[in-house]
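Structure, as structure tokens:
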Amino acid sequence: MNAEKSPGRRLECARKLKNIGVEYYMECVMAKQQGRPLAWITSGFPVELVYAMDVIPFYPENYGTLCGSRKVSGELCQMAEARGYSQDLCSYARCTLGSMYENAGPLNGLPAPDMILTARNICHTVIKWWEAVARYYNCPLFVLDTPFVQGGLTGHQVRYVREQIMEMIGFLERHTGREFNMDRFMEVIGRSNQGTALWREIQLLRKASPCPVSALDMFTCMFPIVTLRGTAACVDFYREMRDELADRVARGVGVLEEDRYRLMWDNIAIWYNFQFYDYIHSRGGVFVGETYTSAWGVYQFDQSGSGDLFDSLVRSYSMALLNIDLDLRFGQMADMIREYGVEGLILHSNRSCKTYSLGQLGLARRVQNELGVPVLIIEADMTDPRAFAEGPTRTRVDAFLELLSERKAR
Amino acid sequence: MALPGGRELIKDMAGFVQERHERMREIKRGGKKIIGYFCSYTPEELILAAGMHPVRIMADLPDPAGPVDAHLQNFACAFARSCLDQLVRDRLDYLDGIIFPCTCDSLRAVSEIIRANKKEGFFYHFLNMPLRVEGDPQFVFYRRELELLYNALAGFAGRPPGLESLKGAVALADANRELLIRIWDFRKASGPALTGEECLGIVNAAVCMDREELRERLEKIRNALAGGIGDEKDTGRARLMVIGSVIDNPALIRIIESAGALVVGDDLCTGARYFSVPVNMADGEDPLDALARRYLGRIPCPTKHPVDRRLDHINRVIDDFKIQGAVVVLQKFCEPHAFDYPALRDMITGRGIPVLLLEIEPGRLAEGQLSTRVEAFVEMLGGGR
């Protein structure tokens, strides 16, 4: 995206992401050649254990976003459909499966995994998707079962997940031929905590008005917190990003000159159509928070030595945004809406992501009724452009912002 | 020599399904609490032991539009939408409560929506069924979840059921399972006395009916079949198996059989997956242990991991029931089944058995189009009438 043409001010540090991304994907592609084990993992997987074992994590979900932003997701999805995968399946999954079967996509195929790891805490889709991948590559698969959380975590839930974490360490040891090293793990945990704390700080800086960063840059800049959590590169990047934002806040510089409408976004980004967010900026709307990006700010691991690190790992990963009940989700939304001065909520009803989207309609009503904040629900898909009618959606955005404008005038 | 009434008994079962709402109201008037449930992973035994009546919630026809749209988008499967629709319209007014085992993302969402909208005093329980069905931690976790459900039901009933009624419930459920297994076995014969449509009627009645009455009826049906109620289903029809999730609309099987084939085997949630593994409680075994063992050890559905035992089951049905073709019925928007379909198709066609995929929306069966496709499939198999 050309920063000059964008109606919203973009971040300087975001330019560095290109190199970080290229480096990361190079590492994945070169892993075999360099004799380094590679694991495919999900965005909700405790990657700290993977990094601690010196295994390179490859994220098919992030790969899906790459396919979306390179605008090749539609054709890759169709390749998976030609193999018998329904068009109604998750489009990230179809991007991966299409690339896998046809050796296609922005990386010209995918780096073959030595093992694959998946966790239920973001959805059931990643279990089925990973099973399909395991069948194709005939490689070992580990499934981390994280029971759904209603109200709060129970003792037997924590024990169950913890036992599986221990089992998973054994799995990694078996398939890498390496021993798990607690000191090394603690180092990774330390960096993960640092990265996550910085990500939280970044989110908090968005309380300022004008808001120093909007959804576009947040979606782009979430790459390290997802894929590099636990590495020094992640910490370095977010330190710089935090500093840039702090500087903007100190100087009163925002994405726009003024926040005409402070908005919040729910669900995954529309990766193939960032112009849509630009359009909202051009109409005076700024996203001051996203449930999606802030989901990576909740991890916090006990590295005090006196507490229980593994329990804190279990708790953090079990309480992931898409593994908790609707009341808990509403609570998080409500807190954000209040703390960030949100004036309007836009929910992306995302065909591909049932776990995120089903239940949104009730959440929307609660936000409207209990918090008095207007809500707009738009229908799209995170990476399948065939499911997004941009023109009519823009018209609905216009009407929504007009409504916000009238409310402000009152 | 046919026993009198054998065929009528079988027909009655489908009739019961048609009238199930009224029949549930009768049971309720008899003083029993009625607990609805989703999915065959619900341990009916615990509901029975608590002195309540378990009824499986089925999609209603036609496919809904209206109030359900305020709660659930149209890319949730039609089954989830229809079930939720009946609840929000209060069509299942006889229900005193509901149990959701954790399975797919769509039904988990329906569960949450129900929880958020339920009336005061309505029993709601989410059974955190493990995703992984093998291993000791899974057993321990699930055993504890069963205990929580048992306690919740006891609380709702106002008294703990006690060991004896729990054992009795397991024995009753097992007796019905054994009978269903025997009845299904009659379909192994060439020119079996049962159609697939009749079997669907039987199994769908089995999840609604008073379970004591069910036992009596199933015994009579089994005896009638053993006595030979006439091999009325002519031989030479292509022998098919149906694979899928929930089939609550008998019209679908009717369409397949009208094309000249006979459905003789299945891998369905409303079929073999529901009943084909009994608890077989050992002497002195703790009933909750036994139930945990049974529900983790049954033929898994695609929401569970690993899926190997399901594939074994399908292969066994192909062999034992001499299957010539498989019809995979995929509910539109059903992710777990849709993900498994390509590998399943390859496995079955790899054995030289053709596969037909029917993607359906249960409430909106395009009968003409489906018939044409099934007829072409049956013709290819060379087993039309």
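Just so we're on the same page: first chain in the structure tokens is A, next is B, and so on; residues restart at 1 for each chain, and ligands are numbered from 1 in the order they show up.
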
- chain B residues near chain A (7 Å cut-off, only C-alpha atoms) as a list in words: Ala70, His71, Leu72, Gln73, Phe75, Cys104, Asp105, Ser106, Ala109, Glu112, Ile113, Asn128, Pro130, Leu131, Arg132, Pro137, Phe141, Phe333, Glu335, Pro336, Ala338, Phe339 and Pro342 of chain B

- Query: Neighbours of region 96-101 of chain A within 6 Å (only C-alpha atoms; same-chain residues fewer than 6 positions away dropped), as an NGL selection string?
  - Reply: :A and (76-77 or 79-80 or 109)

Atoms to include: N, CA, C and O atoms. Write the selected residues as a PDB file, in the first residue's frame.
ATOM      1  N   LEU A  76      -6.397 -20.092  -5.109  1.00  0.00           N
ATOM      2  CA  LEU A  76      -5.924 -21.207  -4.278  1.00  0.00           C
ATOM      3  C   LEU A  76      -7.113 -21.952  -3.648  1.00  0.00           C
ATOM      4  O   LEU A  76      -7.112 -23.176  -3.547  1.00  0.00           O
ATOM      5  N   CYS A  77      -8.100 -21.168  -3.225  1.00  0.00           N
ATOM      6  CA  CYS A  77      -9.307 -21.789  -2.672  1.00  0.00           C
ATOM      7  C   CYS A  77      -9.938 -22.709  -3.713  1.00  0.00           C
ATOM      8  O   CYS A  77     -10.341 -23.833  -3.411  1.00  0.00           O
ATOM      9  N   MET A  79      -8.511 -24.272  -6.056  1.00  0.00           N
ATOM     10  CA  MET A  79      -7.703 -25.498  -6.228  1.00  0.00           C
ATOM     11  C   MET A  79      -8.093 -26.543  -5.185  1.00  0.00           C
ATOM     12  O   MET A  79      -8.175 -27.732  -5.478  1.00  0.00           O
ATOM     13  N   ALA A  80      -8.335 -26.080  -3.963  1.00  0.00           N
ATOM     14  CA  ALA A  80      -8.764 -27.011  -2.909  1.00  0.00           C
ATOM     15  C   ALA A  80     -10.159 -27.545  -3.225  1.00  0.00           C
ATOM     16  O   ALA A  80     -10.438 -28.732  -3.030  1.00  0.00           O
ATOM     17  N   GLY A 109       4.456 -23.287  -3.409  1.00  0.00           N
ATOM     18  CA  GLY A 109       4.357 -24.523  -2.623  1.00  0.00           C
ATOM     19  C   GLY A 109       4.552 -24.206  -1.167  1.00  0.00           C
ATOM     20  O   GLY A 109       4.653 -23.041  -0.779  1.00  0.00           O
TER      21      GLY A 109
END

- Surrounding residues of Met52 (chain B) excluding itself and chain neighbours under 5 positions, 12 Å, only C-alpha atoms, as JSON, numbers by chain: {"B": [24, 27, 28, 30, 31, 32, 33, 34, 35, 36, 44, 45, 46, 47, 95, 96, 97, 98, 123, 153, 154, 156, 157, 158, 159, 161, 165, 169, 210, 211]}

Find the residues around Asp60 (chain B) up to 12 Å (only C-alpha atoms counted), leave out those fewer than 3 positions away in its own chain, and share them as a PDB file with all heavy atoms, in the first residue's frame.
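New file out.pdb:
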ATOM      1  N   VAL B  17     -42.191 -40.769  15.001  1.00  0.00           N
ATOM      2  CA  VAL B  17     -41.286 -39.633  14.786  1.00  0.00           C
ATOM      3  C   VAL B  17     -42.088 -38.428  14.286  1.00  0.00           C
ATOM      4  O   VAL B  17     -41.890 -37.297  14.740  1.00  0.00           O
ATOM      5  CB  VAL B  17     -40.170 -39.997  13.777  1.00  0.00           C
ATOM      6  CG1 VAL B  17     -39.250 -38.809  13.539  1.00  0.00           C
ATOM      7  CG2 VAL B  17     -39.381 -41.194  14.284  1.00  0.00           C
ATOM      8  N   GLN B  18     -43.024 -38.708  13.378  1.00  0.00           N
ATOM      9  CA  GLN B  18     -43.866 -37.639  12.846  1.00  0.00           C
ATOM     10  C   GLN B  18     -44.646 -36.933  13.955  1.00  0.00           C
ATOM     11  O   GLN B  18     -44.801 -35.723  13.944  1.00  0.00           O
ATOM     12  CB  GLN B  18     -44.875 -38.228  11.839  1.00  0.00           C
ATOM     13  CG  GLN B  18     -44.244 -38.740  10.560  1.00  0.00           C
ATOM     14  CD  GLN B  18     -43.719 -37.614   9.705  1.00  0.00           C
ATOM     15  OE1 GLN B  18     -44.407 -36.625   9.530  1.00  0.00           O
ATOM     16  NE2 GLN B  18     -42.499 -37.739   9.205  1.00  0.00           N
ATOM     17  N   GLU B  19     -45.124 -37.745  14.887  1.00  0.00           N
ATOM     18  CA  GLU B  19     -45.986 -37.187  15.945  1.00  0.00           C
ATOM     19  C   GLU B  19     -45.207 -36.891  17.219  1.00  0.00           C
ATOM     20  O   GLU B  19     -45.811 -36.768  18.287  1.00  0.00           O
ATOM     21  CB  GLU B  19     -47.070 -38.219  16.331  1.00  0.00           C
ATOM     22  CG  GLU B  19     -47.930 -38.705  15.211  1.00  0.00           C
ATOM     23  CD  GLU B  19     -48.628 -40.019  15.591  1.00  0.00           C
ATOM     24  OE1 GLU B  19     -48.447 -40.501  16.738  1.00  0.00           O
ATOM     25  OE2 GLU B  19     -49.342 -40.555  14.746  1.00  0.00           O
ATOM     26  N   ARG B  20     -43.901 -36.836  17.127  1.00  0.00           N
ATOM     27  CA  ARG B  20     -43.109 -36.835  18.365  1.00  0.00           C
ATOM     28  C   ARG B  20     -43.429 -35.687  19.313  1.00  0.00           C
ATOM     29  O   ARG B  20     -43.412 -35.875  20.529  1.00  0.00           O
ATOM     30  CB  ARG B  20     -41.614 -36.895  18.060  1.00  0.00           C
ATOM     31  CG  ARG B  20     -41.047 -35.656  17.375  1.00  0.00           C
ATOM     32  CD  ARG B  20     -39.583 -35.847  17.022  1.00  0.00           C
ATOM     33  NE  ARG B  20     -38.993 -34.647  16.474  1.00  0.00           N
ATOM     34  CZ  ARG B  20     -39.146 -34.261  15.205  1.00  0.00           C
ATOM     35  NH1 ARG B  20     -39.864 -34.983  14.366  1.00  0.00           N
ATOM     36  NH2 ARG B  20     -38.578 -33.143  14.772  1.00  0.00           N
ATOM     37  N   HIS B  21     -43.751 -34.518  18.756  1.00  0.00           N
ATOM     38  CA  HIS B  21     -44.005 -33.396  19.666  1.00  0.00           C
ATOM     39  C   HIS B  21     -45.215 -33.690  20.553  1.00  0.00           C
ATOM     40  O   HIS B  21     -45.182 -33.470  21.767  1.00  0.00           O
ATOM     41  CB  HIS B  21     -44.229 -32.105  18.874  1.00  0.00           C
ATOM     42  CG  HIS B  21     -43.030 -31.703  18.063  1.00  0.00           C
ATOM     43  ND1 HIS B  21     -41.777 -31.577  18.603  1.00  0.00           N
ATOM     44  CD2 HIS B  21     -42.896 -31.419  16.742  1.00  0.00           C
ATOM     45  CE1 HIS B  21     -40.917 -31.225  17.649  1.00  0.00           C
ATOM     46  NE2 HIS B  21     -41.577 -31.136  16.507  1.00  0.00           N
ATOM     47  N   ILE B  57     -33.144 -33.850  19.888  1.00  0.00           N
ATOM     48  CA  ILE B  57     -33.732 -32.747  19.121  1.00  0.00           C
ATOM     49  C   ILE B  57     -33.375 -32.926  17.654  1.00  0.00           C
ATOM     50  O   ILE B  57     -32.206 -33.127  17.318  1.00  0.00           O
ATOM     51  CB  ILE B  57     -33.246 -31.394  19.665  1.00  0.00           C
ATOM     52  CG1 ILE B  57     -33.748 -31.249  21.109  1.00  0.00           C
ATOM     53  CG2 ILE B  57     -33.729 -30.242  18.793  1.00  0.00           C
ATOM     54  CD1 ILE B  57     -33.162 -30.081  21.833  1.00  0.00           C
ATOM     55  N   ASP B  63     -37.021 -25.750   6.249  1.00  0.00           N
ATOM     56  CA  ASP B  63     -35.927 -24.962   6.802  1.00  0.00           C
ATOM     57  C   ASP B  63     -36.432 -23.581   7.239  1.00  0.00           C
ATOM     58  O   ASP B  63     -37.226 -22.958   6.549  1.00  0.00           O
ATOM     59  CB  ASP B  63     -34.854 -24.803   5.736  1.00  0.00           C
ATOM     60  CG  ASP B  63     -33.607 -24.184   6.307  1.00  0.00           C
ATOM     61  OD1 ASP B  63     -33.167 -24.663   7.355  1.00  0.00           O
ATOM     62  OD2 ASP B  63     -33.101 -23.221   5.724  1.00  0.00           O
ATOM     63  N   PRO B  64     -35.995 -23.143   8.382  1.00  0.00           N
ATOM     64  CA  PRO B  64     -36.572 -21.929   8.934  1.00  0.00           C
ATOM     65  C   PRO B  64     -35.973 -20.646   8.374  1.00  0.00           C
ATOM     66  O   PRO B  64     -34.861 -20.622   7.905  1.00  0.00           O
ATOM     67  CB  PRO B  64     -36.195 -22.037  10.398  1.00  0.00           C
ATOM     68  CG  PRO B  64     -34.891 -22.748  10.396  1.00  0.00           C
ATOM     69  CD  PRO B  64     -34.946 -23.710   9.243  1.00  0.00           C
ATOM     70  N   ALA B  65     -36.750 -19.651   8.451  1.00  0.00           N
ATOM     71  CA  ALA B  65     -36.243 -18.291   8.276  1.00  0.00           C
ATOM     72  C   ALA B  65     -37.092 -17.503   9.248  1.00  0.00           C
ATOM     73  O   ALA B  65     -38.180 -17.940   9.594  1.00  0.00           O
ATOM     74  CB  ALA B  65     -36.460 -17.808   6.858  1.00  0.00           C
ATOM     75  N   ALA B  78     -27.905 -25.975   8.402  1.00  0.00           N
ATOM     76  CA  ALA B  78     -29.362 -25.925   8.523  1.00  0.00           C
ATOM     77  C   ALA B  78     -29.836 -26.705   9.744  1.00  0.00           C
ATOM     78  O   ALA B  78     -30.863 -26.373  10.334  1.00  0.00           O
ATOM     79  CB  ALA B  78     -30.002 -26.480   7.254  1.00  0.00           C
ATOM     80  N   PHE B  79     -29.098 -27.730  10.131  1.00  0.00           N
ATOM     81  CA  PHE B  79     -29.480 -28.500  11.317  1.00  0.00           C
ATOM     82  C   PHE B  79     -29.417 -27.615  12.563  1.00  0.00           C
ATOM     83  O   PHE B  79     -30.359 -27.534  13.344  1.00  0.00           O
ATOM     84  CB  PHE B  79     -28.567 -29.719  11.479  1.00  0.00           C
ATOM     85  CG  PHE B  79     -28.780 -30.463  12.764  1.00  0.00           C
ATOM     86  CD1 PHE B  79     -29.901 -31.264  12.930  1.00  0.00           C
ATOM     87  CD2 PHE B  79     -27.872 -30.361  13.821  1.00  0.00           C
ATOM     88  CE1 PHE B  79     -30.126 -31.948  14.125  1.00  0.00           C
ATOM     89  CE2 PHE B  79     -28.092 -31.044  15.009  1.00  0.00           C
ATOM     90  CZ  PHE B  79     -29.215 -31.838  15.163  1.00  0.00           C
ATOM     91  N   ALA B  80     -28.305 -26.923  12.718  1.00  0.00           N
ATOM     92  CA  ALA B  80     -28.146 -26.036  13.874  1.00  0.00           C
ATOM     93  C   ALA B  80     -29.227 -24.954  13.853  1.00  0.00           C
ATOM     94  O   ALA B  80     -29.838 -24.635  14.880  1.00  0.00           O
ATOM     95  CB  ALA B  80     -26.755 -25.405  13.862  1.00  0.00           C
ATOM     96  N   ARG B  81     -29.460 -24.407  12.676  1.00  0.00           N
ATOM     97  CA  ARG B  81     -30.439 -23.330  12.574  1.00  0.00           C
ATOM     98  C   ARG B  81     -31.853 -23.819  12.870  1.00  0.00           C
ATOM     99  O   ARG B  81     -32.617 -23.165  13.576  1.00  0.00           O
ATOM    100  CB  ARG B  81     -30.382 -22.704  11.168  1.00  0.00           C
ATOM    101  CG  ARG B  81     -29.247 -21.692  11.028  1.00  0.00           C
ATOM    102  CD  ARG B  81     -29.024 -21.289   9.582  1.00  0.00           C
ATOM    103  NE  ARG B  81     -30.228 -20.776   8.941  1.00  0.00           N
ATOM    104  CZ  ARG B  81     -30.672 -19.527   9.051  1.00  0.00           C
ATOM    105  NH1 ARG B  81     -30.011 -18.658   9.790  1.00  0.00           N
ATOM    106  NH2 ARG B  81     -31.753 -19.149   8.432  1.00  0.00           N
ATOM    107  N   SER B  82     -32.179 -24.990  12.358  1.00  0.00           N
ATOM    108  CA  SER B  82     -33.524 -25.502  12.572  1.00  0.00           C
ATOM    109  C   SER B  82     -33.760 -25.820  14.050  1.00  0.00           C
ATOM    110  O   SER B  82     -34.825 -25.540  14.598  1.00  0.00           O
ATOM    111  CB  SER B  82     -33.752 -26.749  11.723  1.00  0.00           C
ATOM    112  OG  SER B  82     -34.986 -27.312  12.064  1.00  0.00           O
ATOM    113  N   CYS B  83     -32.766 -26.420  14.685  1.00  0.00           N
ATOM    114  CA  CYS B  83     -32.928 -26.773  16.100  1.00  0.00           C
ATOM    115  C   CYS B  83     -33.100 -25.497  16.936  1.00  0.00           C
ATOM    116  O   CYS B  83     -33.968 -25.419  17.801  1.00  0.00           O
ATOM    117  CB  CYS B  83     -31.733 -27.583  16.590  1.00  0.00           C
ATOM    118  SG  CYS B  83     -31.653 -29.214  15.810  1.00  0.00           S
ATOM    119  N   LEU B  84     -32.256 -24.520  16.649  1.00  0.00           N
ATOM    120  CA  LEU B  84     -32.351 -23.275  17.399  1.00  0.00           C
ATOM    121  C   LEU B  84     -33.685 -22.585  17.123  1.00  0.00           C
ATOM    122  O   LEU B  84     -34.328 -22.044  18.032  1.00  0.00           O
ATOM    123  CB  LEU B  84     -31.181 -22.350  17.026  1.00  0.00           C
ATOM    124  CG  LEU B  84     -31.139 -21.014  17.753  1.00  0.00           C
ATOM    125  CD1 LEU B  84     -30.975 -21.225  19.262  1.00  0.00           C
ATOM    126  CD2 LEU B  84     -30.001 -20.138  17.242  1.00  0.00           C
ATOM    127  N   ASP B  85     -34.106 -22.655  15.872  1.00  0.00           N
ATOM    128  CA  ASP B  85     -35.382 -22.043  15.485  1.00  0.00           C
ATOM    129  C   ASP B  85     -36.533 -22.612  16.321  1.00  0.00           C
ATOM    130  O   ASP B  85     -37.376 -21.859  16.828  1.00  0.00           O
ATOM    131  CB  ASP B  85     -35.640 -22.316  14.000  1.00  0.00           C
ATOM    132  CG  ASP B  85     -36.987 -21.774  13.544  1.00  0.00           C
ATOM    133  OD1 ASP B  85     -37.101 -20.546  13.471  1.00  0.00           O
ATOM    134  OD2 ASP B  85     -37.903 -22.571  13.294  1.00  0.00           O
ATOM    135  N   GLN B  86     -36.562 -23.928  16.473  1.00  0.00           N
ATOM    136  CA  GLN B  86     -37.651 -24.542  17.238  1.00  0.00           C
ATOM    137  C   GLN B  86     -37.618 -24.084  18.687  1.00  0.00           C
ATOM    138  O   GLN B  86     -38.648 -23.912  19.327  1.00  0.00           O
ATOM    139  CB  GLN B  86     -37.540 -26.064  17.189  1.00  0.00           C
ATOM    140  CG  GLN B  86     -37.733 -26.637  15.804  1.00  0.00           C
ATOM    141  CD  GLN B  86     -37.443 -28.133  15.805  1.00  0.00           C
ATOM    142  OE1 GLN B  86     -38.217 -28.915  16.327  1.00  0.00           O
ATOM    143  NE2 GLN B  86     -36.305 -28.509  15.249  1.00  0.00           N
ATOM    144  N   LEU B  87     -36.386 -23.899  19.178  1.00  0.00           N
ATOM    145  CA  LEU B  87     -36.273 -23.467  20.573  1.00  0.00           C
ATOM    146  C   LEU B  87     -36.702 -22.016  20.749  1.00  0.00           C
ATOM    147  O   LEU B  87     -37.426 -21.693  21.681  1.00  0.00           O
ATOM    148  CB  LEU B  87     -34.844 -23.690  21.068  1.00  0.00           C
ATOM    149  CG  LEU B  87     -34.529 -25.171  21.326  1.00  0.00           C
ATOM    150  CD1 LEU B  87     -33.039 -25.438  21.222  1.00  0.00           C
ATOM    151  CD2 LEU B  87     -35.049 -25.603  22.693  1.00  0.00           C
ATOM    152  N   ARG B  89     -38.720 -20.353  18.939  1.00  0.00           N
ATOM    153  CA  ARG B  89     -40.159 -20.208  18.703  1.00  0.00           C
ATOM    154  C   ARG B  89     -40.984 -20.935  19.759  1.00  0.00           C
ATOM    155  O   ARG B  89     -42.205 -20.973  19.666  1.00  0.00           O
ATOM    156  CB  ARG B  89     -40.535 -20.806  17.352  1.00  0.00           C
ATOM    157  CG  ARG B  89     -40.122 -20.006  16.148  1.00  0.00           C
ATOM    158  CD  ARG B  89     -40.684 -20.722  14.924  1.00  0.00           C
ATOM    159  NE  ARG B  89     -39.930 -20.398  13.733  1.00  0.00           N
ATOM    160  CZ  ARG B  89     -40.461 -19.742  12.700  1.00  0.00           C
ATOM    161  NH1 ARG B  89     -41.695 -19.359  12.738  1.00  0.00           N
ATOM    162  NH2 ARG B  89     -39.728 -19.496  11.642  1.00  0.00           N
ATOM    163  N   ARG B  91     -41.348 -24.064  20.095  1.00  0.00           N
ATOM    164  CA  ARG B  91     -42.076 -25.220  19.550  1.00  0.00           C
ATOM    165  C   ARG B  91     -41.811 -26.467  20.380  1.00  0.00           C
ATOM    166  O   ARG B  91     -42.571 -27.418  20.323  1.00  0.00           O
ATOM    167  CB  ARG B  91     -41.629 -25.483  18.121  1.00  0.00           C
ATOM    168  CG  ARG B  91     -42.165 -24.458  17.169  1.00  0.00           C
ATOM    169  CD  ARG B  91     -42.224 -25.019  15.767  1.00  0.00           C
ATOM    170  NE  ARG B  91     -42.877 -24.057  14.909  1.00  0.00           N
ATOM    171  CZ  ARG B  91     -42.497 -23.795  13.669  1.00  0.00           C
ATOM    172  NH1 ARG B  91     -41.491 -24.438  13.147  1.00  0.00           N
ATOM    173  NH2 ARG B  91     -43.146 -22.899  12.952  1.00  0.00           N
ATOM    174  N   LEU B  92     -40.698 -26.462  21.089  1.00  0.00           N
ATOM    175  CA  LEU B  92     -40.382 -27.613  21.945  1.00  0.00           C
ATOM    176  C   LEU B  92     -40.800 -27.262  23.373  1.00  0.00           C
ATOM    177  O   LEU B  92     -40.018 -27.357  24.307  1.00  0.00           O
ATOM    178  CB  LEU B  92     -38.889 -27.946  21.849  1.00  0.00           C
ATOM    179  CG  LEU B  92     -38.349 -28.089  20.411  1.00  0.00           C
ATOM    180  CD1 LEU B  92     -36.858 -28.381  20.414  1.00  0.00           C
ATOM    181  CD2 LEU B  92     -39.093 -29.184  19.656  1.00  0.00           C
ATOM    182  N   ILE B 247     -29.453 -37.519   9.781  1.00  0.00           N
ATOM    183  CA  ILE B 247     -30.509 -37.494   8.756  1.00  0.00           C
ATOM    184  C   ILE B 247     -31.826 -37.602   9.498  1.00  0.00           C
ATOM    185  O   ILE B 247     -32.127 -38.632  10.108  1.00  0.00           O
ATOM    186  CB  ILE B 247     -30.362 -38.632   7.732  1.00  0.00           C
ATOM    187  CG1 ILE B 247     -29.048 -38.468   6.964  1.00  0.00           C
ATOM    188  CG2 ILE B 247     -31.547 -38.615   6.757  1.00  0.00           C
ATOM    189  CD1 ILE B 247     -28.854 -39.464   5.846  1.00  0.00           C
ATOM    190  N   ASP B 248     -32.578 -36.528   9.515  1.00  0.00           N
ATOM    191  CA  ASP B 248     -33.875 -36.598  10.181  1.00  0.00           C
ATOM    192  C   ASP B 248     -35.013 -36.552   9.182  1.00  0.00           C
ATOM    193  O   ASP B 248     -36.160 -36.714   9.548  1.00  0.00           O
ATOM    194  CB  ASP B 248     -34.045 -35.518  11.257  1.00  0.00           C
ATOM    195  CG  ASP B 248     -33.124 -34.347  11.041  1.00  0.00           C
ATOM    196  OD1 ASP B 248     -32.899 -33.993   9.874  1.00  0.00           O
ATOM    197  OD2 ASP B 248     -32.630 -33.796  12.046  1.00  0.00           O
ATOM    198  N   ASN B 249     -34.678 -36.342   7.920  1.00  0.00           N
ATOM    199  CA  ASN B 249     -35.719 -36.293   6.903  1.00  0.00           C
ATOM    200  C   ASN B 249     -35.742 -37.609   6.124  1.00  0.00           C
ATOM    201  O   ASN B 249     -34.867 -37.859   5.300  1.00  0.00           O
ATOM    202  CB  ASN B 249     -35.454 -35.116   5.954  1.00  0.00           C
ATOM    203  CG  ASN B 249     -36.588 -34.888   4.998  1.00  0.00           C
ATOM    204  OD1 ASN B 249     -37.512 -35.706   4.915  1.00  0.00           O
ATOM    205  ND2 ASN B 249     -36.516 -33.800   4.245  1.00  0.00           N
ATOM    206  N   PRO B 250     -36.764 -38.460   6.357  1.00  0.00           N
ATOM    207  CA  PRO B 250     -36.796 -39.761   5.678  1.00  0.00           C
ATOM    208  C   PRO B 250     -36.921 -39.627   4.165  1.00  0.00           C
ATOM    209  O   PRO B 250     -36.588 -40.549   3.428  1.00  0.00           O
ATOM    210  CB  PRO B 250     -38.024 -40.455   6.274  1.00  0.00           C
ATOM    211  CG  PRO B 250     -38.832 -39.385   6.927  1.00  0.00           C
ATOM    212  CD  PRO B 250     -37.905 -38.256   7.256  1.00  0.00           C
ATOM    213  N   GLU B 361     -29.370 -29.349   1.937  1.00  0.00           N
ATOM    214  CA  GLU B 361     -29.906 -28.543   3.023  1.00  0.00           C
ATOM    215  C   GLU B 361     -31.190 -29.255   3.404  1.00  0.00           C
ATOM    216  O   GLU B 361     -32.134 -29.275   2.621  1.00  0.00           O
ATOM    217  CB  GLU B 361     -30.190 -27.121   2.547  1.00  0.00           C
ATOM    218  CG  GLU B 361     -28.926 -26.355   2.263  1.00  0.00           C
ATOM    219  CD  GLU B 361     -29.204 -24.896   1.949  1.00  0.00           C
ATOM    220  OE1 GLU B 361     -29.501 -24.137   2.883  1.00  0.00           O
ATOM    221  OE2 GLU B 361     -29.123 -24.534   0.768  1.00  0.00           O
ATOM    222  N   PRO B 362     -31.220 -29.867   4.578  1.00  0.00           N
ATOM    223  CA  PRO B 362     -32.281 -30.809   4.913  1.00  0.00           C
ATOM    224  C   PRO B 362     -33.690 -30.266   4.684  1.00  0.00           C
ATOM    225  O   PRO B 362     -34.563 -30.985   4.222  1.00  0.00           O
ATOM    226  CB  PRO B 362     -32.062 -31.095   6.389  1.00  0.00           C
ATOM    227  CG  PRO B 362     -30.663 -30.719   6.662  1.00  0.00           C
ATOM    228  CD  PRO B 362     -30.306 -29.651   5.694  1.00  0.00           C
ATOM    229  N   GLY B 363     -33.900 -29.014   4.966  1.00  0.00           N
ATOM    230  CA  GLY B 363     -35.245 -28.475   4.819  1.00  0.00           C
ATOM    231  C   GLY B 363     -35.606 -28.130   3.386  1.00  0.00           C
ATOM    232  O   GLY B 363     -36.748 -27.853   3.078  1.00  0.00           O
ATOM    233  N   ARG B 364     -34.591 -28.114   2.525  1.00  0.00           N
ATOM    234  CA  ARG B 364     -34.838 -27.699   1.143  1.00  0.00           C
ATOM    235  C   ARG B 364     -34.295 -28.745   0.193  1.00  0.00           C
ATOM    236  O   ARG B 364     -33.381 -28.487  -0.572  1.00  0.00           O
ATOM    237  CB  ARG B 364     -34.123 -26.371   0.857  1.00  0.00           C
ATOM    238  CG  ARG B 364     -34.613 -25.214   1.680  1.00  0.00           C
ATOM    239  CD  ARG B 364     -34.077 -23.912   1.067  1.00  0.00           C
ATOM    240  NE  ARG B 364     -34.172 -22.849   2.034  1.00  0.00           N
ATOM    241  CZ  ARG B 364     -33.130 -22.246   2.570  1.00  0.00           C
ATOM    242  NH1 ARG B 364     -31.904 -22.606   2.243  1.00  0.00           N
ATOM    243  NH2 ARG B 364     -33.297 -21.274   3.445  1.00  0.00           N
TER     244      ARG B 364
END

- Go through A:Leu17, A:Leu321, A:Val373, A:Val213 one by one, measure the shortest atom-to-atom distance of each to Val286 (chain A) using only C-alpha atoms, and give the residue with the smallest value.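 Looking only at the distances to Val286 (chain A), the closest residue turns out to be A:Val213.
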